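With compact mmCIF, C-alpha atoms inside, this is input-v9.txt:
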```txt
# COMPACT_ATOMS: atom_id res chain seq x y z
CA MET A 1 10.51 -3.14 17.68
CA THR A 2 7.53 -2.96 20.04
CA ASN A 3 4.38 -1.44 18.58
CA PRO A 4 3.16 1.68 20.41
CA VAL A 5 -0.05 0.86 22.26
CA ARG A 6 -2.94 3.28 22.67
CA ALA A 7 -4.45 3.94 26.09
CA GLU A 8 -7.99 3.35 24.79
CA PRO A 9 -8.88 0.35 22.63
CA VAL A 10 -9.49 0.89 18.94
CA HIS A 11 -12.79 -0.69 17.85
CA VAL A 12 -12.37 -2.13 14.36
CA GLY A 13 -14.77 -3.44 11.73
CA LEU A 14 -13.49 -5.53 8.82
CA VAL A 15 -15.27 -5.48 5.47
CA GLY A 16 -14.27 -8.28 3.11
CA VAL A 17 -13.13 -11.66 4.43
CA GLY A 18 -10.80 -12.86 1.70
CA ILE A 19 -7.11 -13.71 1.46
CA ILE A 20 -5.70 -10.26 2.30
CA ALA A 21 -8.07 -10.04 5.28
CA GLU A 22 -6.10 -12.88 6.87
CA THR A 23 -3.02 -10.64 7.06
CA HIS A 24 -5.03 -7.77 8.55
CA LEU A 25 -6.50 -10.07 11.19
CA ALA A 26 -3.14 -11.63 12.05
CA VAL A 27 -1.50 -8.24 12.63
CA LEU A 28 -4.47 -6.76 14.48
CA ALA A 29 -4.58 -9.79 16.78
CA GLU A 30 -1.03 -8.96 17.93
CA ARG A 31 -2.12 -5.54 19.18
CA PRO A 32 -3.63 -5.44 22.69
CA ASP A 33 -5.07 -2.00 21.92
CA VAL A 34 -7.36 -3.39 19.17
CA GLN A 35 -10.82 -4.81 19.69
CA MET A 36 -12.52 -6.35 16.66
CA GLU A 37 -16.22 -5.47 16.54
CA PHE A 38 -17.63 -7.12 13.41
CA THR A 39 -17.01 -8.47 9.92
CA VAL A 40 -18.94 -7.80 6.71
CA ASP A 41 -19.07 -10.06 3.66
CA PRO A 42 -21.91 -11.03 1.31
CA ARG A 43 -21.09 -14.70 1.91
CA PRO A 44 -23.09 -15.79 4.97
CA GLU A 45 -20.56 -18.52 5.80
CA ALA A 46 -17.64 -16.07 6.00
CA HIS A 47 -17.54 -15.97 9.80
CA VAL A 48 -14.28 -15.05 11.52
CA GLU A 49 -12.84 -16.03 14.87
CA PHE A 50 -10.70 -13.41 16.58
CA ARG A 51 -8.85 -14.34 19.79
CA GLY A 52 -11.16 -17.32 20.24
CA ARG A 53 -14.40 -15.39 19.74
CA THR A 54 -16.66 -15.57 16.68
CA LEU A 55 -17.26 -12.00 15.54
CA PRO A 56 -20.72 -10.66 14.71
CA HIS A 57 -21.11 -11.01 10.95
CA TYR A 58 -23.20 -8.95 8.52
CA SER A 59 -24.02 -9.22 4.85
CA ASP A 60 -23.95 -5.45 4.33
CA LEU A 61 -21.97 -2.60 5.85
CA ALA A 62 -24.93 -0.27 6.47
CA ARG A 63 -26.49 -2.65 8.97
CA ALA A 64 -23.16 -3.19 10.75
CA LEU A 65 -22.69 0.56 11.13
CA ASP A 66 -26.23 0.89 12.49
CA GLU A 67 -25.44 -1.59 15.25
CA HIS A 68 -21.82 -0.68 16.08
CA ARG A 69 -19.71 2.43 16.64
CA PRO A 70 -16.29 1.52 15.22
CA ASP A 71 -13.25 3.78 15.41
CA LEU A 72 -11.77 2.21 12.28
CA VAL A 73 -13.32 0.38 9.33
CA VAL A 74 -10.95 -1.69 7.18
CA LEU A 75 -12.04 -2.24 3.57
CA ALA A 76 -10.45 -5.42 2.17
CA THR A 77 -12.85 -5.75 -0.75
CA PRO A 78 -12.48 -5.66 -4.56
CA THR A 79 -11.20 -2.28 -5.80
CA GLU A 80 -14.38 -1.35 -7.67
CA THR A 81 -16.30 -1.36 -4.34
CA HIS A 82 -13.90 0.93 -2.46
CA ALA A 83 -15.41 4.32 -3.34
CA GLU A 84 -19.00 3.31 -2.49
CA LEU A 85 -18.05 1.64 0.80
CA THR A 86 -15.77 4.52 1.79
CA GLU A 87 -18.57 7.02 1.17
CA LEU A 88 -21.00 4.90 3.18
CA THR A 89 -18.59 4.73 6.12
CA LEU A 90 -17.87 8.45 6.03
CA LEU A 91 -21.52 9.45 5.98
CA ARG A 92 -22.94 6.87 8.41
CA SER A 93 -20.23 6.81 11.06
CA THR A 94 -17.40 8.81 12.62
CA ALA A 95 -14.86 6.04 11.92
CA ARG A 96 -11.66 6.41 10.00
CA VAL A 97 -11.36 4.19 6.93
CA LEU A 98 -8.34 2.10 5.92
CA VAL A 99 -8.83 1.07 2.29
CA GLU A 100 -6.80 -1.68 0.67
CA LYS A 101 -4.72 -0.38 -2.21
CA PRO A 102 -5.49 0.99 -4.67
CA LEU A 103 -7.88 3.51 -3.12
CA VAL A 104 -10.23 3.61 -6.13
CA HIS A 105 -10.61 1.96 -9.53
CA ASP A 106 -10.65 5.13 -11.66
CA ARG A 107 -10.35 8.93 -11.56
CA ALA A 108 -14.12 9.46 -11.52
CA ALA A 109 -14.36 7.53 -8.24
CA LEU A 110 -11.54 9.63 -6.82
CA ALA A 111 -13.37 12.83 -7.81
CA ALA A 112 -16.54 11.55 -6.14
CA LEU A 113 -14.68 11.05 -2.87
CA ARG A 114 -13.10 14.49 -3.18
CA ASP A 115 -16.57 16.00 -3.57
CA LEU A 116 -17.52 14.61 -0.16
CA ASP A 117 -15.00 16.86 1.56
CA GLY A 118 -17.69 19.37 2.55
CA LYS A 119 -19.83 16.65 4.14
CA ALA A 120 -17.10 14.59 5.81
CA ASP A 121 -13.44 14.98 6.71
CA VAL A 122 -12.11 13.00 3.77
CA ARG A 123 -8.48 14.03 4.28
CA GLY A 124 -8.60 13.36 7.99
CA ARG A 125 -10.44 10.04 7.87
CA VAL A 126 -9.51 8.22 4.65
CA PHE A 127 -6.27 6.23 4.52
CA THR A 128 -4.93 3.75 1.96
CA ALA A 129 -2.97 0.59 2.83
CA HIS A 130 0.14 1.35 0.76
CA HIS A 131 1.87 -1.53 2.50
CA PHE A 132 4.96 -1.70 0.28
CA ALA A 133 6.00 1.70 1.61
CA PHE A 134 6.37 0.11 5.05
CA SER A 135 8.41 -2.91 4.04
CA PRO A 136 11.50 -3.25 6.29
CA GLU A 137 14.04 -2.71 3.49
CA VAL A 138 12.18 0.40 2.29
CA ASP A 139 12.05 1.79 5.82
CA TRP A 140 15.78 1.10 6.23
CA ALA A 141 16.66 2.84 2.96
CA ALA A 142 14.46 5.87 3.73
CA GLU A 143 16.06 6.31 7.15
CA LEU A 144 19.53 5.87 5.63
CA LEU A 145 18.98 8.62 3.06
CA ALA A 146 17.46 10.93 5.68
CA ALA A 147 20.57 10.43 7.83
CA HIS A 148 22.90 11.34 4.94
CA PRO A 149 21.82 14.63 3.36
CA ASP A 150 25.46 15.01 2.28
CA TRP A 151 24.82 12.32 -0.33
CA GLY A 152 22.63 14.78 -2.19
CA PRO A 153 19.39 14.24 -4.10
CA VAL A 154 18.15 11.03 -5.66
CA THR A 155 18.63 11.49 -9.40
CA THR A 156 17.57 8.17 -10.93
CA ILE A 157 15.44 5.24 -9.74
CA THR A 158 15.01 1.89 -11.45
CA SER A 159 12.41 -0.54 -10.14
CA ALA A 160 11.46 -3.96 -11.53
CA PHE A 161 8.53 -5.98 -10.19
CA TYR A 162 8.11 -9.49 -11.64
CA ASP A 163 5.33 -11.92 -10.75
CA PRO A 164 4.71 -15.46 -12.12
CA TYR A 165 1.13 -14.71 -13.14
CA VAL A 166 1.72 -15.80 -16.74
CA LEU A 167 1.34 -19.32 -15.36
CA ARG A 168 -2.29 -18.52 -14.48
CA GLY A 169 -3.24 -17.52 -18.02
CA ALA A 170 -6.61 -15.75 -18.38
CA GLU A 171 -7.20 -16.04 -14.62
CA ALA A 172 -4.40 -13.51 -14.02
CA PHE A 173 -6.06 -10.87 -16.18
CA ALA A 174 -9.45 -11.52 -14.57
CA SER A 175 -7.98 -11.08 -11.08
CA TYR A 176 -5.28 -8.43 -11.59
CA VAL A 177 -6.20 -6.77 -14.95
CA SER A 178 -2.59 -6.07 -16.05
CA SER A 179 0.94 -5.98 -14.65
CA TRP A 180 0.85 -2.17 -14.41
CA THR A 181 -2.56 -2.19 -12.71
CA ASP A 182 -1.33 -4.72 -10.17
CA SER A 183 2.28 -3.67 -9.53
CA GLY A 184 2.26 0.01 -10.46
CA VAL A 185 0.51 1.17 -7.30
CA ASN A 186 3.05 -0.73 -5.16
CA GLN A 187 5.99 0.78 -7.01
CA LEU A 188 4.58 4.30 -6.88
CA SER A 189 3.68 4.16 -3.19
CA MET A 190 7.14 2.76 -2.39
CA LEU A 191 8.76 5.68 -4.23
CA THR A 192 6.88 8.23 -2.12
CA ARG A 193 9.09 7.24 0.83
CA PHE A 194 12.07 8.71 -1.05
CA VAL A 195 10.91 11.37 -3.52
CA GLU A 196 8.02 13.65 -4.46
CA LEU A 197 6.26 12.23 -7.52
CA THR A 198 5.34 14.79 -10.20
CA GLY A 199 3.75 12.75 -12.97
CA LEU A 200 3.93 10.01 -15.57
CA THR A 201 6.30 11.02 -18.38
CA SER A 202 5.99 7.97 -20.65
CA ALA A 203 4.27 4.61 -20.63
CA GLN A 204 4.12 1.48 -22.74
CA GLN A 205 1.99 -1.59 -22.17
CA MET A 206 3.26 -4.77 -23.81
CA ASP A 207 2.40 -8.43 -24.20
CA GLY A 208 -1.32 -7.72 -24.03
CA GLY A 209 -0.95 -6.14 -20.61
CA ALA A 210 1.30 -8.82 -19.13
CA SER A 211 4.19 -6.34 -18.94
CA ALA A 212 4.75 -2.58 -18.93
CA TRP A 213 7.52 0.04 -19.04
CA CYS A 214 6.78 3.43 -17.52
CA THR A 215 8.81 6.49 -16.54
CA VAL A 216 7.79 8.88 -13.78
CA GLY A 217 9.18 12.31 -12.94
CA PHE A 218 10.01 13.30 -9.37
CA ARG A 219 11.68 15.94 -7.20
CA SER A 220 14.35 15.17 -4.62
CA ARG A 221 15.91 17.85 -2.43
CA GLY A 222 14.75 20.49 -4.91
CA GLU A 223 16.12 18.76 -8.02
CA ILE A 224 14.34 16.90 -10.82
CA GLY A 225 14.86 13.18 -11.37
CA SER A 226 13.35 10.25 -13.25
CA ALA A 227 12.16 6.79 -12.23
CA ARG A 228 12.05 3.83 -14.64
CA LEU A 229 9.43 1.27 -13.69
CA ARG A 230 9.26 -2.22 -15.18
CA SER A 231 6.45 -4.62 -14.32
CA SER A 232 5.94 -8.04 -15.83
CA TRP A 233 4.21 -11.37 -15.34
CA LEU A 234 6.54 -13.14 -17.78
CA THR A 235 8.54 -15.06 -15.20
CA GLY A 236 8.43 -18.32 -13.33
CA SER A 237 8.93 -16.80 -9.88
CA SER A 238 8.48 -13.55 -7.98
CA SER A 239 11.30 -10.99 -8.03
CA LYS A 240 11.06 -7.35 -6.93
CA GLU A 241 14.05 -4.99 -6.75
CA SER A 242 14.74 -1.26 -6.82
CA SER A 243 17.87 0.87 -7.22
CA LEU A 244 18.23 4.51 -6.16
CA VAL A 245 21.15 6.48 -7.58
CA LEU A 246 22.34 9.70 -5.94
CA GLY A 247 24.29 11.09 -8.86
CA ARG A 248 26.12 13.93 -7.15
CA SER A 249 27.85 11.68 -4.62
CA GLY A 250 27.95 8.49 -6.67
CA VAL A 251 26.05 6.57 -3.99
CA GLU A 252 23.69 3.78 -5.05
CA VAL A 253 21.14 2.16 -2.73
CA TRP A 254 19.95 -1.28 -3.82
CA ILE A 255 16.89 -2.85 -2.18
CA ASP A 256 15.53 -6.34 -2.73
CA HIS A 257 11.81 -6.34 -1.88
CA THR A 258 11.48 -10.11 -2.21
CA ALA A 259 14.21 -10.95 0.32
CA MET A 260 13.65 -7.68 2.25
CA THR A 261 17.36 -6.82 2.16
CA GLY A 262 19.49 -3.96 0.91
CA PHE A 263 22.87 -2.26 0.70
CA ALA A 264 24.39 1.11 -0.14
CA ALA A 265 27.66 1.45 -2.05
CA ARG A 266 29.88 4.04 -3.69
CA ALA A 267 32.29 2.74 -6.32
CA GLY A 268 34.04 -0.19 -4.61
CA GLU A 269 33.06 0.81 -1.06
CA LEU A 270 30.20 -0.78 0.87
CA LEU A 271 28.60 1.99 2.92
CA ALA A 272 25.75 0.19 4.67
CA SER A 273 23.76 -3.04 4.52
CA PHE A 274 20.47 -4.43 5.75
CA GLY A 275 19.59 -8.08 6.32
CA ASN A 276 16.50 -10.11 7.15
CA ASP A 277 16.27 -13.36 9.09
CA GLY A 278 13.27 -14.60 7.11
CA ARG A 279 11.24 -15.52 10.20
CA THR A 280 8.43 -13.06 9.46
CA ALA A 281 6.14 -13.50 6.48
CA ARG A 282 6.56 -10.66 3.98
CA LYS A 283 3.00 -9.34 4.15
CA VAL A 284 3.04 -9.39 7.97
CA ALA A 285 6.36 -7.53 7.89
CA HIS A 286 4.62 -4.84 5.79
CA TYR A 287 1.39 -4.54 7.76
CA ARG A 288 2.84 -4.49 11.29
CA PRO A 289 4.55 -1.09 10.82
CA LEU A 290 1.64 0.12 8.67
CA TYR A 291 -0.81 -0.39 11.54
CA ALA A 292 1.62 0.96 14.12
CA ASN A 293 1.88 4.08 11.97
CA LEU A 294 -1.85 4.35 11.26
CA LEU A 295 -2.76 4.05 14.95
CA SER A 296 -0.16 6.61 16.02
CA ASP A 297 -0.88 10.28 16.67
CA ARG A 298 0.58 11.26 13.28
CA PRO A 299 0.10 8.74 10.47
CA ASP A 300 2.67 8.98 7.68
CA PRO A 301 1.46 11.08 4.71
CA VAL A 302 1.98 8.04 2.43
CA LEU A 303 -1.20 6.63 4.00
CA GLY A 304 -3.17 9.84 3.49
CA PHE A 305 -5.74 10.86 0.91
CA ASP A 306 -3.49 13.33 -0.91
CA SER A 307 -0.83 10.69 -1.52
CA ALA A 308 -3.47 8.28 -2.78
CA ALA A 309 -4.82 10.98 -5.11
CA THR A 310 -1.36 11.61 -6.59
CA ILE A 311 -0.69 7.89 -7.01
CA THR A 312 -4.14 7.35 -8.56
CA ALA A 313 -3.62 10.13 -11.11
CA ILE A 314 -0.32 8.59 -12.23
CA HIS A 315 -1.44 4.99 -11.97
CA HIS A 316 -4.57 5.49 -14.06
CA THR A 317 -2.82 7.14 -16.96
CA VAL A 318 -3.30 4.30 -19.45
CA PRO A 319 -0.04 3.04 -21.01
CA ARG A 320 -0.14 2.87 -24.78
CA GLU A 321 -0.03 -0.58 -26.31
CA ARG A 322 3.07 -1.75 -28.15
```
Once you've parsed the file, please lay out its structure as structure tokens.
Amino acid sequence: MTNPVRAEPVHVGLVGVGIIAETHLAVLAERPDVQMEFTVDPRPEAHVEFRGRTLPHYSDLARALDEHRPDLVVLATPTETHAELTELTLLRSTARVLVEKPLVHDRAALAALRDLDGKADVRGRVFTAHHFAFSPEVDWAAELLAAHPDWGPVTTITSAFYDPYVLRGAEAFASYVSSWTDSGVNQLSMLTRFVELTGLTSAQQMDGGASAWCTVGFRSRGEIGSARLRSSWLTGSSSKESSLVLGRSGVEVWIDHTAMTGFAARAGELLASFGNDGRTARKVAHYRPLYANLLSDRPDPVLGFDSAATITAIHHTVPRER
């Protein structure tokens, strides 16, 4: 699918030049309507080439905003810096802000951003890169359910996200904190493509934070349902899958986030299927539609501040230890 292209170029500044920034740059380079203006990173050697040109580089965002007038600032920095850098961008520029997920590191930081709403258009300018919600298999399943209202509401969801971080030992906890901290935001944002989340109903953290089991309430077509979310690092390889059951009709939609495939079935009947040729890297396959959506006239609500606030409230309810 061809990305919609804007008539006027979008001037972009990138803050944070780490691993995830490489995906942002790769996808932005594909878009002829994007012009990269600058990068920001405290490391003076973190210079970036974009379409054969070395971008102006700054050690702090304030100086970059003083010298440029970006339309969009992308924050690809550690989570604990997001609130401060978002506030700085809102108050010192007119740019929109795309923040890597999760939006903030705790509820206090979320409240601080909310309090800015009288000084800046927080809801109109702050977006969160909930990239899992734009994965091809998720998009396929969401469109499939929208096309079949006769299947009724989603009644039960089961989602399991496994990562091999146990192999990294203490490094995993230093980088990702816990399996729920790392995977929960991806699972919750993915679910918003299908249902309206209402709150965490139970939570258990196990194995010192290396795994978790949480249940979340939701509404679907006016009815109440429940999602069961499993996250764990106790595996030798990555595996991420979700199942959506539409109890009234007996339809089940199964999506494999690792292979980016899926199918829908009822009893012994295959109703629909979705495949993937594997030629596009998974992260690129997520961020291409995310940017196409963000740069459209009407970004999907899953990117918006209100969705991030709901996800943050659920995500930062601390699971009890078992």
Worksheet item: Counting only C-alpha atoms, what is within 12 Å of Pro149 (chain A), bar same-chain residues fewer than 6 positions away, as a PyMOL selection string?
Response: chain A and resi 142-143+220-221+246+248-249+251
Leaving out Pro9 (chain A) and any residue of its chain fewer than 6 positions from it, which residues lie within 8 Å of it when counting only C-alpha atoms, given as a PDB file with C-alpha atoms, keeping the file's coordinate frame?
```pdb
ATOM      1  CA  PRO A  32      -3.630  -5.440  22.690  1.00  0.00           C
ATOM      2  CA  ASP A  33      -5.070  -2.000  21.920  1.00  0.00           C
ATOM      3  CA  VAL A  34      -7.360  -3.390  19.170  1.00  0.00           C
ATOM      4  CA  GLN A  35     -10.820  -4.810  19.690  1.00  0.00           C
TER       5      GLN A  35
END
```
Discussion item. Let me make sure I understand: among A:Leu295, A:Leu290, A:Val122, A:Leu229, which one has the smallest atom-to-atom distance to Asp71 (chain A) if we use only C-alpha atoms?
Written reply: A:Leu295
Practice prompt. Determine, counting all atoms listed in the file, every residue of protein, DNA or RNA that lies within 9 Å of (8.9, 0.2, 6.0) in the file coordinates, then give the result as an NGL selection string.
Written response: :A and (131-142 or 190 or 193 or 285-286 or 289-290)
Item to complete: Tell me, in Å to one decimal, how far CA of Phe305 (chain A) is from CA of Gly124 (chain A).
Response: 8.0 Å
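Minimum distance to Thr181 (chain A) across A:Thr158, A:Gln205, A:Thr310, A:Ser242 (counting only C-alpha atoms) occurs at A:Gln205.
The coordinates place CA of Val48 (chain A) at 23.6 Å from CA of Glu84 (chain A).
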Worksheet item: Looking at all atoms listed in the file, which of A:Gly275, A:Gly199, A:Pro164, A:Gly268 is the one that sits closest to Ser232 (chain A)?
Response: A:Pro164
Practice prompt. Using all atoms listed in the file, find the one residue out of A:Ala272, A:Thr198, A:Ala174, A:Ala111 that sits nearest to His148 (chain A).
Written response: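 Using all atoms listed in the file, the shortest distance to His148 (chain A) belongs to A:Ala272.
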